[in-house]
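Structure record follows, encoded as structure tokens.
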Amino acid sequence: KEVFDLLGVIRVYTKSPGTDADMTDPMVVARGSTLEEAAEAVHKDFRRNLKYALIWGSGKFPGQKVKRDHIVQDGDILELHA
């Protein structure tokens, strides 16, 4: 935890629709990253074609639909839709 804090990074997990998230393989993104920036970490085409995402964690409720400018938090689970 201290190393992540010192580096200014967070862990974000992804999942495919209809499946559980793989909690053993997080993506590492800079603290303060938007959903759009996290999507680019998956693949640059995701950023360009991203319509929305469902998020578990920092949303108001599980599976909340969020827009590209949503700030992701440590431990969020993202389901990207392009």
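Going through the structure tokens in order, the chains are called A, B, and so on, while each chain numbers its residues from 1 and the ligands are numbered from 1 in the order shown.
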Among chain A, which ones does DSSP place in strand (DSSP E or B), written as an NGL selection string?
:A and (9-14 or 27-30 or 34 or 52-56 or 64-66 or 71 or 77-81)
Set the distance at 9 Å and use only C-alpha atoms: which residues neighbour Val66 of chain A once local chain neighbours fewer than 4 positions away are removed? I'd like the list as a ChimeraX atom specification.
/A:35,52-55,59,70
In chain A, what's alpha helix (DSSP H) per DSSP? Answer as a ChimeraX atom specification?
/A:2-7,35-42,44-49
With N, CA, C and O atoms retained, could you export that selection as a short mmCIF file (atom, residue, chain, number, x, y, z; two decimals), in the first residue's frame?
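Okay, this is what ended up in again.cif:
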```cif
data_model
loop_
_atom_site.label_atom_id
_atom_site.label_comp_id
_atom_site.auth_asym_id
_atom_site.auth_seq_id
_atom_site.Cartn_x
_atom_site.Cartn_y
_atom_site.Cartn_z
N GLU A 2 1.94 1.25 0.83
CA GLU A 2 2.81 2.42 0.90
C GLU A 2 3.52 2.68 -0.42
O GLU A 2 3.68 3.83 -0.81
N VAL A 3 3.94 1.62 -1.10
CA VAL A 3 4.62 1.78 -2.38
C VAL A 3 3.68 2.42 -3.40
O VAL A 3 4.06 3.36 -4.11
N PHE A 4 2.44 1.94 -3.45
CA PHE A 4 1.47 2.52 -4.39
C PHE A 4 1.22 3.99 -4.06
O PHE A 4 1.14 4.83 -4.94
N ASP A 5 1.12 4.31 -2.75
CA ASP A 5 0.91 5.70 -2.35
C ASP A 5 2.09 6.57 -2.75
O ASP A 5 1.89 7.69 -3.27
N LEU A 6 3.30 6.10 -2.52
CA LEU A 6 4.49 6.87 -2.87
C LEU A 6 4.63 7.09 -4.37
O LEU A 6 5.08 8.14 -4.82
N LEU A 7 4.23 6.08 -5.15
CA LEU A 7 4.31 6.19 -6.60
C LEU A 7 3.14 6.97 -7.20
O LEU A 7 3.18 7.37 -8.36
N LEU A 35 -11.85 7.59 -16.39
CA LEU A 35 -12.25 6.33 -17.03
C LEU A 35 -11.64 6.24 -18.42
O LEU A 35 -11.16 5.19 -18.83
N GLU A 36 -11.63 7.35 -19.13
CA GLU A 36 -11.07 7.39 -20.48
C GLU A 36 -9.59 7.01 -20.48
O GLU A 36 -9.13 6.24 -21.33
N GLU A 37 -8.83 7.50 -19.51
CA GLU A 37 -7.41 7.18 -19.42
C GLU A 37 -7.19 5.71 -19.03
O GLU A 37 -6.28 5.06 -19.52
N ALA A 38 -8.06 5.20 -18.16
CA ALA A 38 -7.97 3.78 -17.78
C ALA A 38 -8.29 2.90 -18.99
O ALA A 38 -7.66 1.86 -19.19
N ALA A 39 -9.27 3.31 -19.79
CA ALA A 39 -9.62 2.54 -20.98
C ALA A 39 -8.45 2.50 -21.96
O ALA A 39 -8.19 1.47 -22.58
N GLU A 40 -7.71 3.60 -22.07
CA GLU A 40 -6.54 3.62 -22.95
C GLU A 40 -5.46 2.67 -22.45
O GLU A 40 -4.71 2.10 -23.25
N ALA A 41 -5.39 2.47 -21.14
CA ALA A 41 -4.40 1.53 -20.59
C ALA A 41 -4.70 0.10 -21.03
O ALA A 41 -3.80 -0.73 -21.14
N VAL A 42 -5.98 -0.20 -21.31
CA VAL A 42 -6.36 -1.52 -21.83
C VAL A 42 -5.92 -1.61 -23.29
O VAL A 42 -5.24 -2.54 -23.68
N LYS A 44 -5.54 1.39 -26.90
CA LYS A 44 -5.84 2.74 -27.38
C LYS A 44 -7.18 2.83 -28.11
O LYS A 44 -7.82 3.87 -28.09
N ASP A 45 -7.62 1.74 -28.74
CA ASP A 45 -8.92 1.76 -29.42
C ASP A 45 -10.07 1.88 -28.45
O ASP A 45 -11.12 2.42 -28.79
N PHE A 46 -9.91 1.38 -27.22
CA PHE A 46 -10.97 1.53 -26.22
C PHE A 46 -11.21 3.00 -25.92
O PHE A 46 -12.35 3.42 -25.77
N ARG A 47 -10.15 3.79 -25.82
CA ARG A 47 -10.34 5.22 -25.54
C ARG A 47 -11.10 5.89 -26.67
O ARG A 47 -12.01 6.67 -26.43
N ARG A 48 -10.73 5.58 -27.88
CA ARG A 48 -11.36 6.22 -29.04
C ARG A 48 -12.82 5.80 -29.19
O ARG A 48 -13.67 6.62 -29.52
N ASN A 49 -13.13 4.53 -28.93
CA ASN A 49 -14.47 4.00 -29.19
C ASN A 49 -15.35 3.88 -27.95
O ASN A 49 -16.48 3.41 -28.04
#
```
Counting only C-alpha atoms, the residue among A:Lys65, A:Gly75, A:Leu80, A:Lys60 that lies closest to Met27 of chain A is A:Gly75
Residues within 7 Å of Val9 of chain A, please, as a VMD selection string. Count only C-alpha atoms; anything in the same chain fewer than 5 positions from it doesn't count.
chain A and resid 4 28 to 31
Writer output for current selection, N, CA and C atoms, as a short mmCIF file (atom, residue, chain, number, x, y, z; two decimals), in the first residue's frame:
```
data_model
loop_
_atom_site.label_atom_id
_atom_site.label_comp_id
_atom_site.auth_asym_id
_atom_site.auth_seq_id
_atom_site.Cartn_x
_atom_site.Cartn_y
_atom_site.Cartn_z
N PHE A 4 2.44 1.94 -3.45
CA PHE A 4 1.47 2.52 -4.39
C PHE A 4 1.22 3.99 -4.06
N VAL A 28 -2.57 -0.92 -13.45
CA VAL A 28 -2.04 0.15 -12.59
C VAL A 28 -2.11 1.45 -13.38
N VAL A 29 -2.83 2.44 -12.83
CA VAL A 29 -2.97 3.74 -13.48
C VAL A 29 -2.64 4.83 -12.46
N ALA A 30 -2.36 6.01 -12.94
CA ALA A 30 -2.03 7.13 -12.06
C ALA A 30 -3.25 7.54 -11.23
N ARG A 31 -3.01 7.91 -9.98
CA ARG A 31 -4.09 8.40 -9.14
C ARG A 31 -4.68 9.64 -9.80
#
```
d(atom CA of Phe61 of chain A, atom CA of His43 of chain A) in Å
26.6 Å
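Taking atom CA of Arg11 of chain A and atom CA of Leu50 of chain A as the two end points, the separation is 20.1 Å.
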Give me the residues within 7 Å of Asp76 of chain A as a PyMOL selection string, counting only C-alpha atoms and dropping any in the same chain fewer than 4 places off.
chain A and resi 12-13+55-58+72
Work out how far apart atom CA of Pro62 of chain A and atom CA of His81 of chain A are and give it in Å to one decimal.
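So the two atoms, atom CA of Pro62 of chain A and atom CA of His81 of chain A, lie 16.3 Å apart.
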